[in-house]
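Structure data (mmCIF, C-alpha atoms) from protein.cif:
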```cif
data_run
#
loop_
_atom_site.label_atom_id
_atom_site.label_comp_id
_atom_site.auth_asym_id
_atom_site.auth_seq_id
_atom_site.Cartn_x
_atom_site.Cartn_y
_atom_site.Cartn_z
CA MET M 1 54.76 2.76 -13.86
CA SER M 2 52.72 -0.18 -15.16
CA ASN M 3 49.14 0.31 -16.19
CA PRO M 4 46.88 -1.58 -13.76
CA TYR M 5 44.03 -1.51 -16.29
CA PRO M 6 45.01 -3.16 -19.56
CA PRO M 7 43.16 -1.90 -22.64
CA ASN M 8 41.17 -5.13 -22.99
CA PRO M 9 40.60 -6.51 -19.51
CA ASP M 10 39.97 -10.23 -19.41
CA ILE M 11 36.34 -10.58 -18.39
CA ASN M 12 36.85 -14.24 -17.48
CA ALA M 13 39.46 -13.27 -14.90
CA ILE M 14 36.91 -11.33 -12.82
CA ASN M 15 35.42 -13.31 -9.98
CA PRO M 16 31.68 -13.26 -9.25
CA VAL M 17 30.72 -10.68 -6.69
CA PHE M 18 29.38 -13.13 -4.15
CA SER M 19 31.52 -15.76 -2.46
CA ARG M 20 29.68 -18.40 -0.46
CA ARG M 21 30.53 -16.63 2.79
CA THR M 22 29.23 -13.27 1.48
CA PHE M 23 26.05 -14.93 0.24
CA LEU M 24 25.39 -16.47 3.67
CA ALA M 25 26.10 -13.14 5.38
CA ILE M 26 23.61 -11.33 3.13
CA LEU M 27 21.02 -14.06 3.66
CA GLY M 28 21.43 -13.72 7.43
CA ALA M 29 21.10 -9.93 7.18
CA VAL M 30 17.90 -10.26 5.12
CA ILE M 31 16.39 -12.71 7.66
CA LEU M 32 17.27 -10.33 10.51
CA ALA M 33 15.81 -7.35 8.61
CA VAL M 34 12.56 -9.22 7.91
CA ALA M 35 12.30 -10.35 11.55
CA PHE M 36 12.90 -6.77 12.72
CA THR M 37 10.29 -5.44 10.28
CA MET M 38 7.66 -8.00 11.26
CA LEU M 39 8.18 -8.10 15.02
CA VAL M 40 9.66 -4.84 16.28
CA LEU M 41 8.46 -2.12 13.89
CA PRO M 42 4.72 -2.64 14.48
CA LEU M 43 5.36 -2.03 18.18
CA LEU M 44 7.34 1.14 17.50
CA VAL M 45 5.10 2.57 14.80
CA PRO M 46 1.51 1.29 15.06
CA GLY M 47 0.52 3.16 11.87
CA LEU M 48 2.69 0.81 9.83
CA ALA M 49 0.91 -2.30 11.01
CA ALA M 50 -2.41 -0.58 10.47
CA SER M 51 -1.47 0.26 6.87
CA LEU M 52 -0.86 -3.45 6.17
CA THR M 53 -3.96 -4.75 7.90
CA SER M 54 -6.40 -2.13 6.57
CA SER M 55 -9.20 -3.18 4.25
CA GLU M 56 -7.34 -2.24 1.05
CA GLY M 57 -3.81 -2.94 2.30
CA GLU M 58 -2.39 0.49 1.43
CA GLY M 59 0.86 -0.44 3.20
CA TYR M 60 1.74 -2.89 0.43
CA TRP M 61 1.13 -0.18 -2.14
CA TYR M 62 3.38 2.25 -0.25
CA LEU M 63 6.12 -0.38 0.07
CA SER M 64 5.92 -1.11 -3.64
CA ARG M 65 6.25 2.59 -4.51
CA VAL M 66 9.20 3.15 -2.18
CA SER M 67 11.05 -0.03 -3.17
CA GLY M 68 10.51 0.91 -6.82
CA PHE M 69 12.43 4.13 -6.25
CA VAL M 70 15.19 2.32 -4.36
CA ALA M 71 15.46 -0.33 -7.10
CA TYR M 72 15.59 2.37 -9.79
CA LEU M 73 18.39 4.22 -8.00
CA LEU M 74 20.39 1.03 -7.42
CA LEU M 75 20.09 -0.05 -11.05
CA TRP M 76 20.92 3.48 -12.20
CA ALA M 77 24.07 3.37 -10.03
CA SER M 78 24.96 0.05 -11.63
CA THR M 79 24.49 1.49 -15.12
CA VAL M 80 26.65 4.52 -14.34
CA MET M 81 29.28 2.30 -12.73
CA GLY M 82 29.37 0.17 -15.89
CA LEU M 83 29.75 3.26 -18.07
CA ILE M 84 32.63 4.68 -16.03
CA ILE M 85 34.40 1.31 -16.20
CA THR M 86 34.40 1.39 -20.00
CA ASP M 87 35.11 5.15 -20.06
CA ARG M 88 38.13 4.48 -17.84
CA LEU M 89 36.82 7.21 -15.53
CA ALA M 90 36.79 4.50 -12.87
CA ARG M 91 40.56 4.97 -12.64
CA LEU M 92 39.92 8.28 -10.91
CA TRP M 93 37.38 6.79 -8.51
CA PRO M 94 36.82 4.17 -7.09
CA GLY M 95 39.43 2.17 -9.06
CA GLY M 96 38.89 -0.50 -11.69
CA PRO M 97 38.40 -3.67 -9.59
CA ALA M 98 36.29 -1.84 -7.01
CA ALA M 99 34.12 -0.40 -9.79
CA TYR M 100 33.61 -3.88 -11.28
CA ASP M 101 32.71 -5.25 -7.90
CA LEU M 102 30.27 -2.45 -7.05
CA HIS M 103 28.78 -2.57 -10.57
CA GLN M 104 27.81 -6.21 -10.03
CA TYR M 105 26.66 -5.63 -6.49
CA PHE M 106 24.40 -2.70 -7.46
CA SER M 107 22.86 -4.88 -10.19
CA ILE M 108 22.11 -7.83 -7.93
CA ILE M 109 20.73 -5.81 -5.05
CA GLY M 110 18.77 -3.67 -7.54
CA ILE M 111 17.16 -6.80 -8.99
CA ALA M 112 16.35 -8.00 -5.46
CA PHE M 113 14.58 -4.70 -4.74
CA THR M 114 12.80 -4.87 -8.12
CA LEU M 115 11.49 -8.32 -7.22
CA PHE M 116 10.31 -6.96 -3.89
CA HIS M 117 8.71 -3.99 -5.70
CA MET M 118 6.73 -6.46 -7.83
CA LEU M 119 5.88 -9.22 -5.34
CA ILE M 120 4.72 -6.92 -2.53
CA LEU M 121 1.88 -5.83 -4.83
CA LEU M 122 0.29 -9.25 -4.32
CA GLY M 123 -0.69 -8.09 -0.82
CA SER M 124 -2.46 -4.98 -2.10
CA ARG M 125 -6.17 -5.31 -2.65
CA TYR M 126 -6.09 -1.71 -3.89
CA ILE M 127 -4.44 -2.64 -7.22
CA GLY M 128 -5.20 -6.40 -7.21
CA TYR M 129 -2.51 -7.94 -9.43
CA THR M 130 -2.17 -11.69 -9.85
CA VAL M 131 1.15 -13.56 -10.12
CA VAL M 132 0.62 -14.02 -13.86
CA GLN M 133 -0.05 -10.31 -14.35
CA LEU M 134 3.10 -9.47 -12.39
CA PHE M 135 5.41 -11.63 -14.46
CA ILE M 136 3.93 -11.60 -17.97
CA PRO M 137 4.37 -8.19 -19.59
CA PHE M 138 1.33 -6.20 -20.73
CA THR M 139 -1.22 -8.54 -19.07
CA GLY M 140 -2.27 -6.32 -16.16
CA ALA M 141 -5.03 -4.03 -17.34
CA GLN M 142 -5.70 -2.43 -13.96
CA TYR M 143 -3.27 0.46 -14.16
CA ARG M 144 -1.42 1.99 -17.16
CA PRO M 145 -0.77 -1.41 -18.81
CA LEU M 146 1.65 -0.08 -21.46
CA TRP M 147 4.06 1.54 -19.01
CA ILE M 148 3.78 -1.31 -16.51
CA GLY M 149 4.60 -3.71 -19.36
CA ILE M 150 7.63 -1.59 -20.31
CA GLY M 151 8.77 -1.89 -16.68
CA GLN M 152 8.34 -5.66 -16.79
CA LEU M 153 10.45 -5.83 -19.97
CA SER M 154 13.06 -3.69 -18.23
CA PHE M 155 13.15 -6.22 -15.36
CA TYR M 156 13.80 -9.11 -17.75
CA LEU M 157 16.50 -7.15 -19.56
CA ALA M 158 18.17 -6.45 -16.20
CA LEU M 159 18.01 -10.17 -15.38
CA VAL M 160 19.61 -11.11 -18.71
CA VAL M 161 22.35 -8.49 -18.45
CA THR M 162 23.17 -9.30 -14.82
CA PHE M 163 23.05 -13.07 -14.76
CA THR M 164 24.81 -13.66 -18.07
CA PHE M 165 27.85 -12.36 -16.19
CA TYR M 166 27.95 -15.77 -14.53
CA ALA M 167 27.69 -17.55 -17.86
CA ARG M 168 30.03 -15.34 -19.85
CA SER M 169 32.24 -18.29 -20.78
CA TRP M 170 29.32 -19.68 -22.82
CA PHE M 171 28.89 -16.49 -24.82
CA GLY M 172 32.55 -15.62 -25.18
CA SER M 173 33.99 -12.23 -24.36
CA GLN M 174 32.71 -10.56 -27.54
CA GLY M 175 29.22 -12.08 -27.36
CA TRP M 176 28.89 -11.18 -23.72
CA ARG M 177 29.86 -7.57 -24.44
CA ARG M 178 27.22 -7.35 -27.16
CA LEU M 179 24.63 -8.79 -24.80
CA HIS M 180 25.68 -6.20 -22.26
CA TYR M 181 24.60 -3.42 -24.66
CA LEU M 182 21.05 -4.36 -23.61
CA SER M 183 21.83 -2.30 -20.50
CA PHE M 184 21.01 0.87 -22.44
CA ALA M 185 17.56 -0.48 -23.39
CA PHE M 186 17.07 -1.68 -19.84
CA PHE M 187 17.79 1.75 -18.33
CA LEU M 188 15.66 3.57 -20.88
CA PHE M 189 12.71 1.24 -20.19
CA ALA M 190 13.18 1.58 -16.42
CA LEU M 191 13.17 5.37 -16.73
CA LEU M 192 10.04 5.38 -18.92
CA HIS M 193 8.28 2.99 -16.55
CA SER M 194 9.18 5.16 -13.56
CA VAL M 195 8.11 8.43 -15.18
CA TYR M 196 4.87 7.30 -16.80
CA SER M 197 3.54 4.76 -14.32
CA GLY M 198 4.88 6.28 -11.10
CA THR M 199 2.24 8.00 -8.98
CA ASP M 200 4.91 10.30 -7.51
CA THR M 201 6.22 11.67 -10.82
CA ASN M 202 4.56 15.04 -10.30
CA THR M 203 5.93 15.55 -6.80
CA PHE M 204 8.56 18.23 -6.25
CA TRP M 205 11.35 15.67 -5.74
CA ALA M 206 10.57 12.83 -8.18
CA GLY M 207 10.68 14.90 -11.37
CA PRO M 208 14.15 16.40 -10.65
CA LEU M 209 15.36 12.93 -9.60
CA TYR M 210 14.44 11.51 -13.01
CA TRP M 211 16.01 14.44 -14.84
CA LEU M 212 19.21 14.12 -12.80
CA THR M 213 19.59 10.35 -13.21
CA GLY M 214 18.65 10.45 -16.89
CA GLY M 215 20.99 13.40 -17.51
CA VAL M 216 23.96 11.78 -15.77
CA THR M 217 23.46 8.55 -17.71
CA LEU M 218 23.20 10.46 -20.99
CA PHE M 219 26.36 12.40 -20.17
CA PHE M 220 28.39 9.27 -19.46
CA THR M 221 26.97 7.56 -22.56
CA VAL M 222 28.00 10.45 -24.80
CA TYR M 223 31.37 10.57 -23.10
CA ARG M 224 31.77 6.85 -23.70
CA ILE M 225 30.94 7.15 -27.40
CA ALA M 226 33.44 10.00 -27.74
CA PHE M 227 36.03 8.02 -25.79
CA THR M 228 35.54 4.93 -27.97
CA ARG M 229 35.90 6.98 -31.18
CA ARG M 230 39.04 8.68 -29.88
CA ARG M 231 40.53 5.30 -29.05
CA ALA M 232 39.55 3.83 -32.41
CA ARG M 233 41.08 6.67 -34.50
CA PRO M 234 44.78 5.90 -33.88
CA ARG M 235 44.14 2.25 -34.73
CA LEU M 236 42.70 3.27 -38.10
CA THR M 237 45.64 5.53 -38.88
CA ASN M 238 48.09 2.80 -37.96
CA MET Z 1 49.21 -4.13 -5.50
CA ASN Z 2 50.71 -5.40 -2.27
CA PRO Z 3 48.68 -7.76 -0.04
CA LYS Z 4 48.20 -5.16 2.70
CA SER Z 5 46.78 -2.62 0.27
CA SER Z 6 44.61 -5.29 -1.35
CA ARG Z 7 43.21 -6.29 2.04
CA ARG Z 8 42.44 -2.65 2.85
CA ASN Z 9 40.76 -2.26 -0.53
CA ASN Z 10 38.61 -5.35 0.01
CA ALA Z 11 37.57 -4.09 3.42
CA ALA Z 12 36.59 -0.75 1.90
CA ILE Z 13 34.49 -2.47 -0.77
CA SER Z 14 32.80 -4.69 1.81
CA GLY Z 15 32.05 -1.59 3.89
CA ALA Z 16 30.62 0.18 0.85
CA LYS Z 17 28.37 -2.82 0.14
CA ALA Z 18 27.16 -2.89 3.74
CA ILE Z 19 26.36 0.84 3.57
CA ILE Z 20 24.54 0.43 0.24
CA THR Z 21 22.42 -2.44 1.60
CA SER Z 22 21.61 -0.70 4.89
CA ALA Z 23 20.80 2.58 3.15
CA SER Z 24 18.48 0.83 0.71
CA VAL Z 25 16.58 -1.02 3.44
CA ALA Z 26 16.45 2.11 5.61
CA ALA Z 27 15.16 4.20 2.68
CA THR Z 28 12.43 1.65 1.97
CA ILE Z 29 11.24 1.46 5.57
CA GLY Z 30 11.60 5.23 6.04
CA GLY Z 31 9.59 5.95 2.88
CA TRP Z 32 6.90 3.51 3.98
CA MET Z 33 6.69 5.24 7.37
CA LEU Z 34 6.40 8.66 5.75
CA MET Z 35 3.66 7.54 3.37
CA ALA Z 36 1.70 5.75 6.11
CA ASP Z 37 2.04 8.82 8.33
CA ALA Z 38 0.95 11.19 5.57
CA SER Z 39 -2.03 8.98 4.81
CA GLN Z 40 -3.09 8.92 8.46
CA GLY Z 41 -2.82 12.71 8.61
CA GLN Z 42 -5.12 13.04 5.62
CA GLY Z 43 -7.84 10.58 6.40
CA LEU Z 44 -7.96 9.49 9.97
CA ALA Z 45 -6.76 12.31 12.18
CA PRO Z 46 -8.40 15.64 11.37
CA VAL Z 47 -6.35 18.56 12.63
CA PRO Z 48 -8.30 20.73 15.11
CA VAL Z 49 -8.59 24.37 14.09
CA GLN Z 50 -9.02 27.47 16.23
CA VAL Z 51 -10.12 30.91 15.14
CA VAL Z 52 -7.74 33.55 16.38
CA ASN Z 53 -8.46 37.31 16.45
CA ALA Z 54 -11.89 36.92 15.01
CA GLN Z 55 -13.64 40.26 14.33
CA SER Z 56 -17.13 41.01 13.13
CA VAL Z 57 -16.87 42.87 9.91
CA SER Z 58 -19.82 44.50 8.17
CA ILE Z 59 -19.50 45.25 4.55
CA GLY Z 60 -21.82 47.55 2.63
CA LEU Z 61 -25.36 48.29 3.78
CA PRO Z 62 -26.57 47.31 7.25
CA PRO Z 63 -28.81 44.30 7.26
CA LEU Z 64 -32.45 45.07 6.62
CA ASN Z 65 -34.81 43.75 9.27
CA ILE Z 66 -38.42 43.48 8.28
CA ALA Z 67 -40.97 42.19 10.70
CA VAL Z 68 -42.92 39.54 8.96
CA PRO Z 69 -46.16 38.51 10.66
CA THR Z 70 -46.47 34.87 11.25
CA VAL Z 71 -49.76 33.38 10.34
CA VAL Z 72 -50.88 30.47 12.44
CA PRO Z 73 -54.13 28.59 12.21
CA ALA Z 74 -56.73 29.85 14.64
CA GLN Z 75 -57.23 27.79 17.73
CA ASP Z 76 -60.05 27.98 20.24
CA ILE Z 77 -60.63 31.54 21.35
CA THR Z 78 -61.41 32.45 24.92
CA VAL Z 79 -63.59 35.50 25.23
CA ASN Z 80 -64.62 37.51 28.23
CA GLY Z 81 -66.71 35.55 30.63
CA GLY Z 82 -64.77 32.42 30.28
CA GLN Z 83 -66.72 31.13 27.34
CA THR Z 84 -64.80 29.29 24.83
CA VAL Z 85 -65.71 29.60 21.26
CA THR Z 86 -64.49 26.68 19.34
CA GLN Z 87 -63.61 27.05 15.82
CA PRO Z 88 -66.29 25.53 13.71
CA ALA Z 89 -65.24 22.47 11.91
CA PRO Z 90 -64.70 23.14 8.28
CA GLN Z 91 -67.76 22.29 6.30
CA GLN Z 92 -67.99 21.01 2.88
CA GLN Z 93 -67.81 23.98 0.64
CA THR Z 94 -70.57 24.31 -1.83
CA GLN Z 95 -69.93 25.78 -5.14
CA PRO Z 96 -72.15 28.78 -5.99
CA GLN Z 97 -74.94 27.89 -8.36
CA VAL Z 98 -74.49 29.59 -11.60
CA THR Z 99 -77.58 29.82 -13.74
CA ASP Z 100 -77.75 30.96 -17.27
CA PRO Z 101 -80.24 33.79 -17.42
CA ASN Z 102 -80.96 33.06 -21.03
CA ALA Z 103 -81.63 29.44 -20.50
CA PHE Z 104 -85.14 28.18 -21.26
CA GLY Z 105 -87.39 28.62 -18.24
CA ASN Z 106 -85.30 31.29 -16.72
CA GLN Z 107 -86.43 33.96 -19.09
CA GLN Z 108 -88.61 36.57 -17.46
CA PRO Z 109 -91.47 38.14 -19.42
CA PHE Z 110 -90.48 41.46 -20.78
CA PRO Z 111 -92.16 44.11 -18.60
CA PHE Z 112 -94.48 46.56 -20.31
CA THR Z 113 -93.34 49.99 -19.54
CA ASN Z 114 -95.75 51.82 -21.84
CA THR Z 115 -97.17 54.51 -19.66
CA ARG Z 116 -98.51 56.64 -22.39
CA SER Z 117 -101.83 56.08 -23.90
CA SER Z 118 -101.79 55.96 -27.57
CA ARG Z 119 -104.61 57.47 -29.23
#
```
As structure tokens, the full file:
Amino acid sequence: MSNPYPPNPDINAINPVFSRRTFLAILGAVILAVAFTMLVLPLLVPGLAASLTSSEGEGYWYLSRVSGFVAYLLLWASTVMGLIITDRLARLWPGGPAAYDLHQYFSIIGIAFTLFHMLILLGSRYIGYTVVQLFIPFTGAQYRPLWIGIGQLSFYLALVVTFTFYARSWFGSQGWRRLHYLSFAFFLFALLHSVYSGTDTNTFWAGPLYWLTGGVTLFFTVYRIAFTRRRARPRLTN
Amino acid sequence: MNPKSSRRNNAAISGAKAIITSASVAATIGGWMLMADASQGQGLAPVPVQVVNAQSVSIGLPPLNIAVPTVVPAQDITVNGGQTVTQPAPQQQTQPQVTDPNAFGNQQPFPFTNTRSSR
């Protein structure tokens, strides 16, 4: 039986996750979702519209908090997917190519939700960030500037790690892999940002969520280091 | 991998992506609804309360009731015969004159009380 996953898979042979048709389908879905949110939901749930039109715009603040959690979970899933690809645990589930595909998809949709998490804050008069404060790390003094800045750095690291996939021929396979190690810093920063700047950290569900996601990532990281050492040993003896 | 299996695999991945996207959007909107609802419950819609099985409970000593007279300013008084005695308007109070008995001019001559004849 031939091994479907060669020891050094050719990164350049992997196609980008989005074809033109997929991109147009996602764009259409986003437009439909926005139209549904803006037109139908206020009729179904009047409280939602009220939360957006209130004097302080609490609705924007709620949306930012919720989308922050969703973005964190998506980017965590991407990180774990990347680890199980290199650990070869992806052979068990969901399979190598599927894992690559989902790894990229989780990253891109995670970045989209992170952007939403940031930009929606512009509508909130409660926190009052400007565009400059949103995009330049450590410039917003309104609320826990250190941990917000760490989150902003995490966003840029995620951008670098994700979008260099499309320019991997410039960096070369080895250079691109090294750049991809920034994923560890990215996840650590995202976790710290979530724990120390999140207003829900002390709730009964958010704390265990951080412990679980952090613990799973640590487990797969340790497993990966052990796996890499075990693979390297026979080479040294030969 | 044969083409049929590959096609099935692609369909499964596309389905997984659709589920991931829908779940993420649904979680965001659902979370927003929950937070907006919780906020309304806290600030705008106070929950009515009702006291059930209320009992009067006395603890310790019974309450002490002391009749305290109420003092009100006197009004006009009607006496027998229909005459009305109005309260006199308050007059300017004069301070009592205090004189120093030892002051000059106030001294009285010392009375002679010698009743015996001295011989």
Hey, which of M:Phe187, M:Tyr196, M:Phe171, M:Phe106 ends up closest to Ala77 in chain M? Count all atoms listed in the file.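 The shortest atom-to-atom distance to Ala77 in chain M comes from M:Phe106.
Applied to this file, the PyMOL selection byres ((chain M) within 6 of (chain Z)) selects the residues Tyr62, Leu63, Val66 and Ser67 of chain M.
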Export of prior selection with C-alpha atoms as a PDB file, in the frame of the given file:
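This is the output file part_33.pdb:
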```pdb
ATOM      1  CA  TYR M  62       3.380   2.250  -0.250  1.00  0.00           C
ATOM      2  CA  LEU M  63       6.120  -0.380   0.070  1.00  0.00           C
ATOM      3  CA  VAL M  66       9.200   3.150  -2.180  1.00  0.00           C
ATOM      4  CA  SER M  67      11.050  -0.030  -3.170  1.00  0.00           C
TER       5      SER M  67
END
```
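Put simply, CA of Gly59 in chain M is 13.9 Å away from CA of Met118 in chain M.
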Translate the PyMOL selection byres ((chain M and resi 124-133) around 7), as applied to the file shown, into an explicit residue set as a short mmCIF file (atom, residue, chain, number, x, y, z; two decimals) with C-alpha atoms, in the coordinates of the input.
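Now in expr.cif:
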```cif
data_model
loop_
_atom_site.label_atom_id
_atom_site.label_comp_id
_atom_site.auth_asym_id
_atom_site.auth_seq_id
_atom_site.Cartn_x
_atom_site.Cartn_y
_atom_site.Cartn_z
CA GLU M 56 -7.34 -2.24 1.05
CA GLY M 57 -3.81 -2.94 2.30
CA GLU M 58 -2.39 0.49 1.43
CA TYR M 60 1.74 -2.89 0.43
CA TRP M 61 1.13 -0.18 -2.14
CA LEU M 121 1.88 -5.83 -4.83
CA LEU M 122 0.29 -9.25 -4.32
CA GLY M 123 -0.69 -8.09 -0.82
CA LEU M 134 3.10 -9.47 -12.39
CA PHE M 135 5.41 -11.63 -14.46
CA ILE M 136 3.93 -11.60 -17.97
CA THR M 139 -1.22 -8.54 -19.07
CA GLY M 140 -2.27 -6.32 -16.16
CA GLN M 142 -5.70 -2.43 -13.96
#
```
Run the PyMOL selection byres ((chain M and resi 85) around 10) on the file and write out the hits as a ChimeraX atom specification. /M:79-84,86-91,93-100,103,224
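When CA of Gly207 in chain M is paired with CA of His180 in chain M, their separation reads 28.1 Å.
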Report, in Å with one decimal, the straight-line distance from CA of Asn202 in chain M to CA of Ser154 in chain M.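 Between these atoms lies a distance of 22.0 Å.
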Counting all atoms listed in the file, the option among M:Phe113, M:Tyr181, M:Phe186, M:Phe204 closest to Gln152 in chain M: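 Smallest separation from Gln152 in chain M among the options: M:Phe186.
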Which residue is closest to Leu115 in chain M? Choose from M:Ala167, M:Ala158, M:Ala232, M:Leu52 and count all atoms listed in the file. M:Ala158
Residues near Ile150 in chain M, anyone? I mean within 10 Å using only C-alpha atoms, not counting same-chain ones fewer than 4 positions away, as a PDB file with C-alpha atoms, keeping the file's coordinate frame.
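Okay, result-v2.pdb is ready:
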```
ATOM      1  CA  PRO M 137       4.370  -8.190 -19.590  1.00  0.00           C
ATOM      2  CA  PHE M 138       1.330  -6.200 -20.730  1.00  0.00           C
ATOM      3  CA  PRO M 145      -0.770  -1.410 -18.810  1.00  0.00           C
ATOM      4  CA  LEU M 146       1.650  -0.080 -21.460  1.00  0.00           C
ATOM      5  CA  SER M 154      13.060  -3.690 -18.230  1.00  0.00           C
ATOM      6  CA  PHE M 155      13.150  -6.220 -15.360  1.00  0.00           C
ATOM      7  CA  PHE M 186      17.070  -1.680 -19.840  1.00  0.00           C
ATOM      8  CA  LEU M 188      15.660   3.570 -20.880  1.00  0.00           C
ATOM      9  CA  PHE M 189      12.710   1.240 -20.190  1.00  0.00           C
ATOM     10  CA  ALA M 190      13.180   1.580 -16.420  1.00  0.00           C
ATOM     11  CA  LEU M 191      13.170   5.370 -16.730  1.00  0.00           C
ATOM     12  CA  LEU M 192      10.040   5.380 -18.920  1.00  0.00           C
ATOM     13  CA  HIS M 193       8.280   2.990 -16.550  1.00  0.00           C
ATOM     14  CA  SER M 194       9.180   5.160 -13.560  1.00  0.00           C
ATOM     15  CA  TYR M 196       4.870   7.300 -16.800  1.00  0.00           C
ATOM     16  CA  SER M 197       3.540   4.760 -14.320  1.00  0.00           C
TER      17      SER M 197
END
```
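Using only C-alpha atoms, the residues found no farther than 10 Å from Ile111 in chain M, other than those of its own chain fewer than 2 positions away, are Ala71, Tyr72, Leu74, Leu75, Tyr105, Phe106, Ser107, Ile108, Ile109, Phe113, Thr114, Leu115, Phe116, His117, Phe155, Tyr156, Ala158, Leu159 and Thr162 of chain M.
The nearest approach to Ile19 in chain Z among the residues M:Leu212, M:Leu102, M:Phe69, M:Thr228, with only C-alpha atoms taken into account, belongs to M:Leu102.
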